[in-house]
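Containing compact mmCIF, C-alpha atoms and all ligand atoms: protein_21.txt.
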```
# COMPACT_ATOMS: atom_id res chain seq x y z
CA MET A 126 125.61 -9.23 -58.71
CA THR A 127 124.47 -12.86 -58.32
CA GLU A 128 122.34 -13.79 -55.37
CA LEU A 129 124.09 -15.20 -52.36
CA ASN A 130 123.96 -18.98 -52.45
CA LEU A 131 122.88 -19.78 -48.91
CA ALA A 132 122.60 -23.53 -49.50
CA GLY A 133 126.28 -23.65 -50.49
CA PRO A 134 127.40 -24.37 -53.99
CA ARG A 135 127.55 -27.80 -55.67
CA PRO A 136 130.98 -29.47 -55.67
CA ALA A 137 133.21 -28.30 -58.50
CA ILE A 138 134.71 -30.73 -60.98
CA SER A 139 138.02 -28.84 -60.76
CA GLU A 140 138.54 -29.77 -57.12
CA ILE A 141 136.57 -32.95 -56.48
CA ASP A 142 138.63 -36.08 -55.69
CA PRO A 143 138.28 -39.00 -58.06
CA ALA A 144 136.89 -41.23 -55.24
CA PRO A 145 133.65 -39.32 -54.48
CA LEU A 146 133.16 -38.72 -58.19
CA ALA A 147 133.55 -42.46 -58.82
CA ALA A 148 131.11 -43.20 -55.96
CA TRP A 149 128.53 -40.80 -57.41
CA LEU A 150 128.93 -42.41 -60.83
CA ALA A 151 128.72 -45.94 -59.40
CA ALA A 152 125.49 -45.05 -57.58
CA ARG A 153 124.06 -44.20 -60.99
CA GLY A 154 125.13 -47.56 -62.34
CA GLU A 155 127.95 -46.15 -64.48
CA PRO A 156 131.02 -48.28 -65.27
CA PRO A 157 134.24 -47.60 -63.30
CA TYR A 158 136.12 -45.96 -66.20
CA ARG A 159 133.67 -43.06 -66.25
CA ALA A 160 135.42 -41.06 -63.49
CA THR A 161 138.63 -40.89 -65.55
CA GLN A 162 136.62 -40.01 -68.63
CA VAL A 163 134.76 -37.17 -66.89
CA LEU A 164 137.96 -35.71 -65.39
CA ALA A 165 139.83 -35.91 -68.69
CA GLY A 166 136.90 -34.29 -70.50
CA ALA A 167 136.61 -31.43 -68.04
CA HIS A 168 140.26 -30.53 -68.66
CA ARG A 169 140.04 -30.57 -72.44
CA ALA A 170 140.75 -27.25 -74.12
CA ASP A 171 137.74 -27.59 -76.42
CA ALA A 172 135.05 -28.35 -73.84
CA GLY A 173 133.33 -25.35 -72.26
CA GLY A 174 130.68 -27.26 -70.29
CA PHE A 175 129.40 -30.77 -69.45
CA ASP A 176 127.33 -30.57 -72.61
CA ASP A 177 130.49 -30.54 -74.74
CA LEU A 178 131.62 -33.92 -73.34
CA THR A 179 129.92 -35.73 -76.20
CA ASP A 180 131.63 -39.04 -75.50
CA LEU A 181 129.32 -39.29 -72.46
CA PRO A 182 125.65 -40.28 -72.82
CA ALA A 183 123.36 -37.22 -72.84
CA PRO A 184 121.41 -38.19 -69.66
CA LEU A 185 124.71 -38.52 -67.76
CA ARG A 186 125.89 -35.10 -68.98
CA HIS A 187 122.63 -33.66 -67.77
CA ALA A 188 122.90 -35.37 -64.37
CA LEU A 189 126.51 -34.20 -63.98
CA ASP A 190 125.40 -30.66 -64.63
CA GLY A 191 122.80 -30.96 -61.85
CA ALA A 192 125.23 -32.43 -59.32
CA PHE A 193 128.50 -30.59 -60.03
CA ARG A 194 129.69 -27.18 -61.13
CA TYR A 195 131.78 -27.20 -64.30
CA SER A 196 133.49 -24.08 -62.95
CA THR A 197 133.42 -22.17 -59.67
CA ILE A 198 133.55 -18.99 -61.76
CA GLU A 199 130.06 -17.68 -62.50
CA ALA A 200 130.90 -14.67 -64.65
CA SER A 201 133.99 -12.99 -66.06
CA HIS A 202 134.85 -9.65 -67.58
CA VAL A 203 137.82 -9.77 -69.96
CA LEU A 204 140.01 -6.96 -71.25
CA THR A 205 142.78 -7.40 -73.80
CA ALA A 206 145.88 -5.35 -74.55
CA ASP A 207 149.20 -5.65 -76.40
CA ASN A 208 147.35 -6.83 -79.55
CA GLY A 209 145.73 -9.69 -77.70
CA LEU A 210 148.98 -10.91 -76.16
CA THR A 211 147.87 -9.79 -72.70
CA ALA A 212 144.39 -10.34 -71.32
CA LYS A 213 142.99 -9.78 -67.90
CA ALA A 214 139.82 -11.16 -66.35
CA VAL A 215 137.80 -10.23 -63.31
CA HIS A 216 135.99 -13.38 -62.21
CA GLN A 217 132.86 -13.44 -60.09
CA LEU A 218 132.39 -16.32 -57.64
CA HIS A 219 129.18 -17.86 -56.24
CA ASP A 220 128.93 -15.42 -53.34
CA GLY A 221 129.61 -12.32 -55.42
CA GLN A 222 133.32 -12.08 -54.50
CA ARG A 223 135.55 -11.07 -57.39
CA VAL A 224 139.15 -12.01 -58.16
CA GLU A 225 141.51 -11.34 -61.05
CA SER A 226 143.70 -13.39 -63.35
CA VAL A 227 145.95 -12.35 -66.24
CA LEU A 228 147.12 -14.24 -69.33
CA MET A 229 150.41 -13.19 -70.91
CA ARG A 230 151.51 -14.73 -74.20
CA TYR A 231 155.09 -14.47 -75.40
CA PRO A 232 155.26 -15.45 -79.08
CA SER A 233 158.06 -17.73 -80.28
CA ARG A 234 161.29 -15.94 -81.09
CA GLY A 235 164.16 -17.62 -82.89
CA ARG A 236 164.57 -20.99 -81.25
CA MET A 237 162.47 -20.01 -78.22
CA ALA A 238 159.07 -21.67 -78.31
CA GLU A 239 155.95 -19.65 -77.47
CA ARG A 240 155.46 -19.24 -73.74
CA THR A 241 152.25 -18.57 -71.89
CA THR A 242 152.12 -17.28 -68.33
CA ILE A 243 148.93 -17.20 -66.31
CA CYS A 244 148.86 -15.03 -63.21
CA ILE A 245 146.27 -16.12 -60.63
CA SER A 246 144.78 -14.98 -57.31
CA SER A 247 144.91 -16.95 -54.06
CA GLN A 248 142.53 -14.90 -51.88
CA ALA A 249 139.66 -12.46 -52.38
CA GLY A 250 141.44 -9.39 -51.06
CA CYS A 251 144.53 -9.48 -48.85
CA ALA A 252 145.21 -8.72 -45.20
CA VAL A 253 148.87 -7.72 -45.60
CA ASN A 254 147.90 -4.17 -46.49
CA CYS A 255 150.85 -2.98 -48.58
CA PRO A 256 150.15 0.73 -49.21
CA PHE A 257 151.12 0.70 -52.92
CA CYS A 258 148.88 -2.29 -53.78
CA ALA A 259 145.22 -1.94 -54.83
CA THR A 260 144.35 -5.34 -53.33
CA GLY A 261 146.01 -4.45 -50.05
CA GLN A 262 144.03 -1.24 -49.87
CA ALA A 263 140.74 -3.07 -50.37
CA GLY A 264 141.35 -5.37 -47.37
CA PHE A 265 140.72 -9.10 -46.91
CA ALA A 266 137.41 -10.72 -47.88
CA ARG A 267 137.92 -14.50 -47.80
CA GLN A 268 140.13 -17.46 -48.74
CA LEU A 269 139.75 -19.02 -52.19
CA THR A 270 139.12 -22.76 -52.40
CA PRO A 271 141.50 -24.98 -54.43
CA GLY A 272 138.87 -25.16 -57.20
CA GLU A 273 138.47 -21.39 -57.29
CA ILE A 274 142.24 -21.11 -57.79
CA VAL A 275 142.45 -23.83 -60.47
CA ASP A 276 139.40 -22.51 -62.34
CA GLN A 277 141.23 -19.25 -63.08
CA VAL A 278 143.69 -21.32 -65.14
CA LEU A 279 140.89 -23.36 -66.71
CA HIS A 280 139.12 -20.12 -67.67
CA TRP A 281 141.94 -19.32 -70.12
CA HIS A 282 142.34 -22.95 -71.21
CA ARG A 283 138.70 -23.48 -72.16
CA PRO A 284 136.55 -21.98 -74.93
CA PRO A 285 135.54 -19.47 -76.00
CA TRP A 286 139.14 -18.36 -75.27
CA HIS A 287 137.64 -14.99 -74.66
CA ALA A 288 138.27 -13.33 -77.97
CA LEU A 289 142.01 -13.69 -77.80
CA GLY A 290 141.98 -14.28 -81.52
CA GLN A 291 141.95 -17.34 -83.70
CA GLU A 292 145.62 -18.04 -83.16
CA TRP A 293 145.02 -18.65 -79.45
CA ARG A 294 144.30 -22.36 -79.49
CA PRO A 295 145.43 -23.83 -76.20
CA ARG A 296 144.55 -27.36 -77.32
CA ASP A 297 147.96 -28.97 -76.88
CA ARG A 298 149.56 -26.54 -74.53
CA ARG A 299 148.11 -27.25 -71.15
CA ALA A 300 151.28 -28.81 -69.77
CA SER A 301 153.31 -25.84 -70.94
CA TYR A 302 151.59 -23.03 -69.10
CA ASN A 303 153.66 -21.12 -66.56
CA ILE A 304 151.62 -20.29 -63.48
CA VAL A 305 152.45 -17.43 -61.10
CA PHE A 306 150.62 -16.69 -57.85
CA MET A 307 150.97 -12.94 -58.33
CA GLY A 308 147.32 -11.93 -58.54
CA MET A 309 145.22 -10.90 -55.56
CA GLY A 310 146.04 -12.27 -52.13
CA GLU A 311 148.94 -13.61 -50.08
CA PRO A 312 149.23 -17.28 -51.10
CA LEU A 313 151.07 -18.35 -47.94
CA ASN A 314 148.26 -16.94 -45.80
CA ASN A 315 146.10 -19.58 -47.55
CA ALA A 316 148.78 -22.25 -47.73
CA ASP A 317 146.67 -25.42 -47.33
CA ARG A 318 144.36 -24.52 -50.21
CA VAL A 319 147.11 -23.07 -52.39
CA PHE A 320 149.21 -26.23 -51.93
CA GLU A 321 146.18 -28.36 -52.82
CA ALA A 322 145.62 -26.19 -55.91
CA VAL A 323 149.26 -26.77 -56.92
CA ARG A 324 148.74 -30.53 -56.58
CA LEU A 325 145.59 -30.32 -58.70
CA LEU A 326 147.38 -28.25 -61.38
CA ASN A 327 150.20 -30.83 -61.28
CA ASP A 328 147.95 -33.87 -61.59
CA PRO A 329 148.57 -35.64 -64.92
CA ALA A 330 144.88 -36.63 -64.98
CA ARG A 331 144.02 -32.91 -64.97
CA LEU A 332 146.18 -30.11 -66.44
CA GLY A 333 149.51 -31.81 -65.71
CA ILE A 334 151.45 -28.56 -65.24
CA GLY A 335 154.96 -29.31 -63.92
CA ALA A 336 155.80 -27.94 -60.47
CA ARG A 337 158.87 -26.21 -61.93
CA ARG A 338 156.53 -24.13 -64.07
CA ILE A 339 154.69 -22.83 -61.00
CA THR A 340 155.84 -19.85 -58.90
CA VAL A 341 154.49 -18.80 -55.52
CA SER A 342 155.08 -15.12 -54.69
CA THR A 343 154.99 -14.17 -51.01
CA SER A 344 155.28 -10.97 -49.03
CA GLY A 345 157.44 -12.97 -46.62
CA VAL A 346 155.38 -15.46 -44.57
CA VAL A 347 158.36 -17.35 -43.14
CA PRO A 348 156.55 -20.47 -41.82
CA GLY A 349 154.89 -20.79 -45.23
CA ILE A 350 158.28 -20.69 -46.98
CA ASP A 351 159.48 -23.48 -44.67
CA ARG A 352 156.39 -25.50 -45.55
CA MET A 353 157.17 -25.02 -49.25
CA ILE A 354 160.65 -26.51 -48.66
CA GLU A 355 159.08 -29.62 -47.15
CA GLU A 356 155.91 -29.99 -49.19
CA LEU A 357 156.51 -28.38 -52.58
CA PRO A 358 160.30 -28.28 -53.08
CA GLN A 359 159.98 -28.13 -56.86
CA VAL A 360 157.76 -25.05 -56.94
CA ASN A 361 159.58 -21.73 -57.51
CA LEU A 362 159.68 -19.12 -54.79
CA ALA A 363 159.51 -15.35 -55.27
CA ILE A 364 159.82 -13.06 -52.25
CA SER A 365 158.37 -9.54 -52.47
CA LEU A 366 161.15 -7.71 -50.69
CA HIS A 367 160.61 -4.10 -51.93
CA ALA A 368 162.97 -2.69 -49.27
CA ALA A 369 166.07 -4.10 -47.59
CA THR A 370 165.95 -2.09 -44.34
CA ASP A 371 163.37 -2.83 -41.65
CA GLU A 372 162.54 0.83 -41.26
CA LEU A 373 161.30 1.18 -44.84
CA ARG A 374 160.00 -2.36 -45.24
CA ASP A 375 157.83 -1.99 -42.10
CA GLU A 376 156.01 0.70 -44.06
CA LEU A 377 155.92 -0.87 -47.55
CA VAL A 378 155.24 -4.49 -46.57
CA PRO A 379 153.67 -4.31 -43.09
CA ILE A 380 154.06 -8.07 -42.48
CA ASN A 381 157.74 -7.13 -42.01
CA ARG A 382 156.89 -6.26 -38.40
CA LYS A 383 156.29 -9.95 -37.83
CA TRP A 384 159.02 -11.39 -40.07
CA PRO A 385 161.70 -8.73 -40.64
CA VAL A 386 164.17 -8.52 -43.53
CA ALA A 387 166.80 -10.78 -41.91
CA ALA A 388 164.23 -13.51 -41.17
CA VAL A 389 162.81 -13.40 -44.69
CA VAL A 390 166.24 -13.43 -46.34
CA ASP A 391 167.25 -16.36 -44.08
CA ALA A 392 164.15 -18.26 -45.17
CA GLY A 393 165.00 -17.54 -48.82
CA GLN A 394 168.51 -18.86 -48.25
CA ARG A 395 167.18 -22.02 -46.57
CA PHE A 396 164.90 -22.55 -49.56
CA SER A 397 167.74 -22.17 -52.07
CA GLU A 398 170.09 -24.41 -50.05
CA ARG A 399 167.54 -27.17 -49.59
CA THR A 400 166.14 -27.11 -53.12
CA GLY A 401 169.28 -26.06 -55.02
CA ARG A 402 167.26 -23.41 -56.81
CA ARG A 403 167.38 -19.68 -57.24
CA VAL A 404 164.93 -17.45 -55.36
CA SER A 405 163.57 -14.26 -56.96
CA LEU A 406 163.52 -11.12 -54.88
CA GLU A 407 160.76 -8.85 -56.22
CA TYR A 408 161.40 -5.15 -55.80
CA VAL A 409 158.80 -2.56 -56.85
CA MET A 410 160.64 0.67 -57.75
CA ILE A 411 159.05 3.71 -56.06
CA ASP A 412 160.37 7.15 -56.95
CA GLY A 413 162.51 8.67 -54.22
CA LEU A 414 161.62 5.99 -51.67
CA ASN A 415 163.31 2.62 -52.14
CA ASP A 416 165.43 3.52 -55.19
CA THR A 417 168.17 5.48 -53.38
CA ASP A 418 171.85 4.53 -53.34
CA ALA A 419 171.54 3.67 -49.64
CA GLN A 420 168.62 1.27 -50.31
CA GLY A 421 170.59 -0.18 -53.21
CA ALA A 422 173.53 -0.88 -50.87
CA ALA A 423 171.22 -2.56 -48.33
CA LEU A 424 169.74 -4.67 -51.14
CA VAL A 425 173.23 -5.78 -52.22
CA ASP A 426 173.87 -6.94 -48.63
CA ALA A 427 170.60 -8.92 -48.60
CA ALA A 428 170.95 -10.49 -52.04
CA ARG A 429 174.67 -11.18 -52.31
CA GLY A 430 176.36 -14.51 -51.59
CA TRP A 431 173.45 -16.86 -52.16
CA ARG A 432 171.32 -18.03 -55.09
CA SER A 433 169.05 -15.03 -55.40
CA HIS A 434 167.96 -12.96 -58.36
CA VAL A 435 166.55 -9.46 -58.05
CA ASN A 436 163.57 -8.57 -60.22
CA LEU A 437 162.93 -4.84 -60.42
CA ILE A 438 159.33 -3.82 -61.23
CA PRO A 439 158.50 -0.17 -61.97
CA LEU A 440 155.58 0.80 -59.70
CA ASN A 441 152.22 0.86 -61.44
CA PRO A 442 150.61 3.62 -59.36
CA THR A 443 147.13 2.92 -58.03
CA PRO A 444 144.51 5.66 -58.50
CA GLY A 445 145.20 8.46 -56.04
CA SER A 446 148.59 6.97 -55.16
CA ARG A 447 150.94 9.27 -53.25
CA TRP A 448 153.85 7.59 -55.07
CA SER A 449 155.02 7.29 -58.66
CA GLY A 450 157.31 4.84 -60.40
CA THR A 451 161.07 5.36 -60.57
CA PRO A 452 162.17 7.02 -63.86
CA ALA A 453 164.12 4.83 -66.30
CA ALA A 454 167.45 6.61 -65.77
CA ARG A 455 167.26 6.05 -62.01
CA ILE A 456 166.37 2.38 -62.54
CA ALA A 457 169.44 2.05 -64.77
CA ARG A 458 171.63 3.55 -62.06
CA PHE A 459 170.12 1.21 -59.44
CA VAL A 460 170.78 -1.78 -61.72
CA GLU A 461 174.40 -0.71 -62.14
CA GLY A 462 174.86 -0.49 -58.38
CA LEU A 463 173.45 -3.98 -57.88
CA ARG A 464 175.61 -5.47 -60.65
CA ALA A 465 178.71 -3.79 -59.27
CA GLY A 466 177.85 -5.41 -55.93
CA GLY A 467 177.72 -8.85 -57.55
CA VAL A 468 173.94 -9.23 -57.56
CA SER A 469 172.05 -10.82 -60.46
CA VAL A 470 169.25 -8.49 -61.57
CA THR A 471 166.65 -7.95 -64.31
CA VAL A 472 163.99 -5.30 -64.88
CA ARG A 473 160.58 -6.84 -65.46
CA ASP A 474 158.59 -5.76 -68.49
CA THR A 475 155.31 -4.13 -67.57
CA ARG A 476 152.70 -5.97 -69.54
CA GLY A 477 149.15 -4.75 -69.74
CA ARG A 478 149.58 -1.33 -68.15
CA GLU A 479 146.56 0.03 -69.98
CA ILE A 480 144.30 -2.69 -68.59
CA GLU A 481 145.32 -2.11 -64.99
CA ALA A 482 147.08 -5.44 -64.94
CA ALA A 483 148.67 -4.82 -61.55
CA CYS A 484 147.23 -6.56 -58.57
CA GLY A 485 143.64 -5.61 -57.72
CA GLN A 486 143.34 -2.54 -59.89
CA LEU A 487 140.82 -3.66 -62.48
CA HIS A 488 138.71 -5.18 -59.74
CA ALA A 489 138.49 -1.79 -58.05
CA GLN A 490 137.51 -0.14 -61.32
CA LEU A 491 134.67 -2.59 -61.98
CA ALA A 492 133.21 -2.58 -58.48
CA GLY A 493 129.42 -2.48 -58.64
CA ARG A 494 129.17 -3.35 -62.34
CA GLU A 495 127.49 -6.50 -63.56
CA LEU A 496 129.77 -9.02 -65.27
CA PRO A 497 128.86 -11.17 -68.28
CA ARG A 498 127.88 -14.74 -67.35
CA ALA A 499 130.36 -17.57 -67.79
CA GLY A 500 130.24 -19.57 -71.01
CA ARG A 501 128.73 -16.84 -73.12
CA PRO A 502 130.75 -16.14 -76.23
CA ALA A 503 133.04 -13.29 -77.00
CA ALA A 504 130.97 -10.31 -75.87
CA PRO A 505 132.89 -9.81 -72.60
CA SER A 506 136.07 -8.81 -74.36
CA VAL A 507 136.74 -5.10 -74.54
CA PRO A 508 139.95 -4.32 -76.41
CA VAL A 509 141.54 -1.28 -74.87
CA ALA A 510 144.78 -0.82 -76.77
N1 LIG A 601 150.83 -11.24 -52.07
C1 LIG A 601 151.89 -11.76 -52.83
C2 LIG A 601 151.51 -12.12 -54.25
C3 LIG A 601 150.59 -11.17 -54.97
S1 LIG A 601 151.21 -9.55 -55.31
C4 LIG A 601 153.08 -10.83 -52.83
O1 LIG A 601 152.94 -9.70 -52.38
O2 LIG A 601 154.14 -11.27 -53.23
C5 LIG A 601 152.26 -9.87 -56.69
C6 LIG A 601 153.33 -8.82 -56.90
O3 LIG A 601 152.74 -7.61 -57.42
C7 LIG A 601 154.07 -8.47 -55.64
O4 LIG A 601 155.46 -8.48 -55.85
C8 LIG A 601 153.53 -7.09 -55.38
O5 LIG A 601 154.38 -6.37 -54.57
C9 LIG A 601 153.35 -6.52 -56.77
N2 LIG A 601 152.52 -5.30 -56.82
C10 LIG A 601 151.45 -5.00 -56.07
N3 LIG A 601 150.98 -3.77 -56.37
C11 LIG A 601 151.77 -3.28 -57.33
C12 LIG A 601 151.80 -2.04 -58.08
N4 LIG A 601 150.91 -1.08 -57.83
N5 LIG A 601 152.78 -1.89 -59.00
C13 LIG A 601 153.68 -2.87 -59.24
N6 LIG A 601 153.69 -4.06 -58.60
C14 LIG A 601 152.76 -4.26 -57.65
FE1 LIG A 602 148.81 -8.47 -50.35
FE2 LIG A 602 150.80 -8.87 -52.11
FE3 LIG A 602 149.16 -6.73 -52.33
FE4 LIG A 602 150.93 -6.84 -50.32
S1 LIG A 602 151.40 -6.77 -52.52
S2 LIG A 602 148.77 -6.28 -50.13
S3 LIG A 602 150.93 -9.04 -49.86
S4 LIG A 602 148.57 -8.87 -52.54
```
Any chance you could put this one into structure tokens?
Amino acid sequence: MTELNLAGPRPAISEIDPAPLAAWLAARGEPPYRATQVLAGAHRADAGGFDDLTDLPAPLRHALDGAFRYSTIEASHVLTADNGLTAKAVHQLHDGQRVESVLMRYPSRGRMAERTTICISSQAGCAVNCPFCATGQAGFARQLTPGEIVDQVLHWHRPPWHALGQEWRPRDRRASYNIVFMGMGEPLNNADRVFEAVRLLNDPARLGIGARRITVSTSGVVPGIDRMIEELPQVNLAISLHAATDELRDELVPINRKWPVAAVVDAGQRFSERTGRRVSLEYVMIDGLNDTDAQGAALVDAARGWRSHVNLIPLNPTPGSRWSGTPAARIARFVEGLRAGGVSVTVRDTRGREIEAACGQLHAQLAGRELPRAGRPAAPSVPVA
């Protein structure tokens, strides 16, 4: 565990505005174009630290290193699965808090180009307290800053690419990452910083990831959904519904007591009407609980008649979980019921099961263990498959 930084950490290059960076550079007598040069360098796929920005004079690189953090992530532990196509990291921050991110690569198939999805965390812990979720069980620790959110993406973009294999060369792909806020935390309980992180990810002077490639997943924070309509109308919305009756949803997603099913579905409809886009309804399938015919009928009522799409996810049981995932035959029956009711539905593939890729699980497993420091080469990777 790193020592607590009581003085507060140095500003991070991933979240600093160009203006204060330019002012710092100007005070050192540097020409005005340097700020652009530093920002561009820090977002290059082949630069793992200020020292790799060799188009800058060495004394400036050294001074930058003293004044700014290249990353807010101090150490990471990486596991790979699916032959290197899925990788998960636990990242340690300056105060010892740990969060998770996951990289999922989908190789090109036929005319489909390779896709890369990066799943990131928005908070250390989560206060929503869903009983099937490892993060929810651990409770809330603190909000992540915009830089701490962005640096999870930069972790996968920068060398040493954490032993994902020689073919993983993100050099030209930064604009083509898909980003999903489906790691630890409730993004709309940290909306200001998450929205700022989206703007940073979007910024053509940084990673330049299009808003349409970014998805915010929420347990149903209605005022946050309304803010997305106004402030980030091009970002995709996923709502973790998991149950379509208040009785069951009060238990599975406790924030339902504040914003019940009808209010959340209304907010989803407002979003789709105002943005013209489809909203995903996430639905974790729990054996014998939310996978009954009656729950299926309630889900049809909630999802029918507007631009929604149901995404069924077999539960990945947390250690000691009182629940298990719905068997495949039951999922197939549930899917049939939804289709017959006129609802668009898919079953999500479960990447990275063997590396505890679901929300918060790897973090729990590694609690108390020291993580390898950032920037050190491949050692952190532990292939599991
Ligand atoms: N807090 C937000 C985003 C992070 S959770 C939300 O709840 O939407 C991302 C997704 O992972 C959610 O749909 C969540 O319900 C799901 N999830 C959490 N624990 C899970 C588990 N044990 N198995 C399968 N999915 C899980
Ligand atoms: Fe929080 Fe999402 Fe986990 Fe629920 S599922 S506890 S909202 S991270």
Rows by chain and residue number, chain A within 10 Å of ligand LIG 602 (chain A), shortest pair, all atoms listed in the file, as JSON lines:
```
{"residue": "A:Ser246", "atom": "CA", "partner": "A:LIG602", "partner_atom": "S4", "distance": 8.6}
{"residue": "A:Ser247", "atom": "CA", "partner": "A:LIG602", "partner_atom": "S4", "distance": 9.0}
{"residue": "A:Gln248", "atom": "CA", "partner": "A:LIG602", "partner_atom": "S4", "distance": 8.6}
{"residue": "A:Ala249", "atom": "CA", "partner": "A:LIG602", "partner_atom": "S4", "distance": 9.6}
{"residue": "A:Gly250", "atom": "CA", "partner": "A:LIG602", "partner_atom": "S4", "distance": 7.3}
{"residue": "A:Cys251", "atom": "CA", "partner": "A:LIG602", "partner_atom": "FE1", "distance": 4.6}
{"residue": "A:Ala252", "atom": "CA", "partner": "A:LIG602", "partner_atom": "FE1", "distance": 6.3}
{"residue": "A:Val253", "atom": "CA", "partner": "A:LIG602", "partner_atom": "S2", "distance": 4.8}
{"residue": "A:Asn254", "atom": "CA", "partner": "A:LIG602", "partner_atom": "S2", "distance": 4.3}
{"residue": "A:Cys255", "atom": "CA", "partner": "A:LIG602", "partner_atom": "S2", "distance": 4.2}
{"residue": "A:Pro256", "atom": "CA", "partner": "A:LIG602", "partner_atom": "S2", "distance": 7.2}
{"residue": "A:Phe257", "atom": "CA", "partner": "A:LIG602", "partner_atom": "S1", "distance": 7.5}
{"residue": "A:Cys258", "atom": "CA", "partner": "A:LIG602", "partner_atom": "FE3", "distance": 4.7}
{"residue": "A:Ala259", "atom": "CA", "partner": "A:LIG602", "partner_atom": "FE3", "distance": 6.7}
{"residue": "A:Thr260", "atom": "CA", "partner": "A:LIG602", "partner_atom": "FE3", "distance": 5.1}
{"residue": "A:Gly261", "atom": "CA", "partner": "A:LIG602", "partner_atom": "S2", "distance": 3.3}
{"residue": "A:Gln262", "atom": "CA", "partner": "A:LIG602", "partner_atom": "S2", "distance": 6.9}
{"residue": "A:Ala263", "atom": "CA", "partner": "A:LIG602", "partner_atom": "S2", "distance": 8.7}
{"residue": "A:Gly264", "atom": "CA", "partner": "A:LIG602", "partner_atom": "S2", "distance": 8.0}
{"residue": "A:Phe265", "atom": "CA", "partner": "A:LIG602", "partner_atom": "FE1", "distance": 8.8}
{"residue": "A:Phe306", "atom": "CA", "partner": "A:LIG602", "partner_atom": "S4", "distance": 9.7}
{"residue": "A:Met307", "atom": "CA", "partner": "A:LIG602", "partner_atom": "FE2", "distance": 7.4}
{"residue": "A:Gly308", "atom": "CA", "partner": "A:LIG602", "partner_atom": "S4", "distance": 6.9}
{"residue": "A:Met309", "atom": "CA", "partner": "A:LIG602", "partner_atom": "S4", "distance": 4.9}
{"residue": "A:Gly310", "atom": "CA", "partner": "A:LIG602", "partner_atom": "S4", "distance": 4.3}
{"residue": "A:Glu311", "atom": "CA", "partner": "A:LIG602", "partner_atom": "S3", "distance": 5.0}
{"residue": "A:Pro312", "atom": "CA", "partner": "A:LIG602", "partner_atom": "S3", "distance": 8.5}
{"residue": "A:Leu313", "atom": "CA", "partner": "A:LIG602", "partner_atom": "S3", "distance": 9.5}
{"residue": "A:Asn314", "atom": "CA", "partner": "A:LIG602", "partner_atom": "S3", "distance": 9.3}
{"residue": "A:Ser342", "atom": "CA", "partner": "A:LIG602", "partner_atom": "FE2", "distance": 8.0}
{"residue": "A:Thr343", "atom": "CA", "partner": "A:LIG602", "partner_atom": "S3", "distance": 6.6}
{"residue": "A:Ser344", "atom": "CA", "partner": "A:LIG602", "partner_atom": "S3", "distance": 4.8}
{"residue": "A:Gly345", "atom": "CA", "partner": "A:LIG602", "partner_atom": "S3", "distance": 8.3}
{"residue": "A:Val346", "atom": "CA", "partner": "A:LIG602", "partner_atom": "S3", "distance": 9.4}
{"residue": "A:Ile364", "atom": "CA", "partner": "A:LIG602", "partner_atom": "FE2", "distance": 9.9}
{"residue": "A:Ser365", "atom": "CA", "partner": "A:LIG602", "partner_atom": "S1", "distance": 7.5}
{"residue": "A:Leu366", "atom": "CA", "partner": "A:LIG602", "partner_atom": "S1", "distance": 10.0}
{"residue": "A:His367", "atom": "CA", "partner": "A:LIG602", "partner_atom": "S1", "distance": 9.6}
{"residue": "A:Leu377", "atom": "CA", "partner": "A:LIG602", "partner_atom": "FE4", "distance": 8.3}
{"residue": "A:Val378", "atom": "CA", "partner": "A:LIG602", "partner_atom": "FE4", "distance": 6.2}
{"residue": "A:Pro379", "atom": "CA", "partner": "A:LIG602", "partner_atom": "FE4", "distance": 8.1}
{"residue": "A:Ile380", "atom": "CA", "partner": "A:LIG602", "partner_atom": "S3", "distance": 8.1}
{"residue": "A:Val409", "atom": "CA", "partner": "A:LIG602", "partner_atom": "S1", "distance": 9.6}
{"residue": "A:Ala483", "atom": "CA", "partner": "A:LIG602", "partner_atom": "FE3", "distance": 9.4}
{"residue": "A:Cys484", "atom": "CA", "partner": "A:LIG602", "partner_atom": "FE3", "distance": 6.5}
{"residue": "A:Gly485", "atom": "CA", "partner": "A:LIG602", "partner_atom": "FE3", "distance": 7.8}
```
Return as JSON the box centre and box size in Å, one decimal, for an axis-aligned box around all listed atoms of ligand LIG 601 (chain A) padded by 6 Å per side.
```
{"center_x": 153.0, "center_y": -6.6, "center_z": -55.7, "size_x": 16.9, "size_y": 23.0, "size_z": 19.2}
```
Residues at most 7 Å from range 433-442 of chain A, counting only C-alpha atoms, excluding those fewer than 4 positions away in the same chain, as number ranges by chain? A: 403-411, 428, 446, 448-451, 469-473, 483
Write out as a ChimeraX atom specification which residues come within 12 Å of Ala336 in chain A when counting only C-alpha atoms, dropping same-chain ones fewer than 6 positions away. /A:300-305,320,322-329,353,356-362
Tell me, in Å to one decimal, how far CA of Asp412 in chain A is from CA of Met229 in chain A.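 Here the two named atoms are 26.6 Å from each other.
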Skipping near chain neighbours, those fewer than 4 positions away, what residues fall within 9 Å of Gly191 in chain A using all atoms listed in the file, listed as a PDB file with C-alpha atoms, in the frame of the given file?
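See result_35.pdb below for the written result:
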```pdb
ATOM      1  CA  ARG A 135     127.550 -27.800 -55.670  1.00  0.00           C
ATOM      2  CA  ARG A 186     125.890 -35.100 -68.980  1.00  0.00           C
ATOM      3  CA  HIS A 187     122.630 -33.660 -67.770  1.00  0.00           C
TER       4      HIS A 187
END
```
Could you check how far atom N6 of ligand LIG 601 (chain A) sits from CA of Gly221 in chain A, in Å to one decimal?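 Straight-line distance from atom N6 of ligand LIG 601 (chain A) to CA of Gly221 in chain A works out to 25.7 Å.
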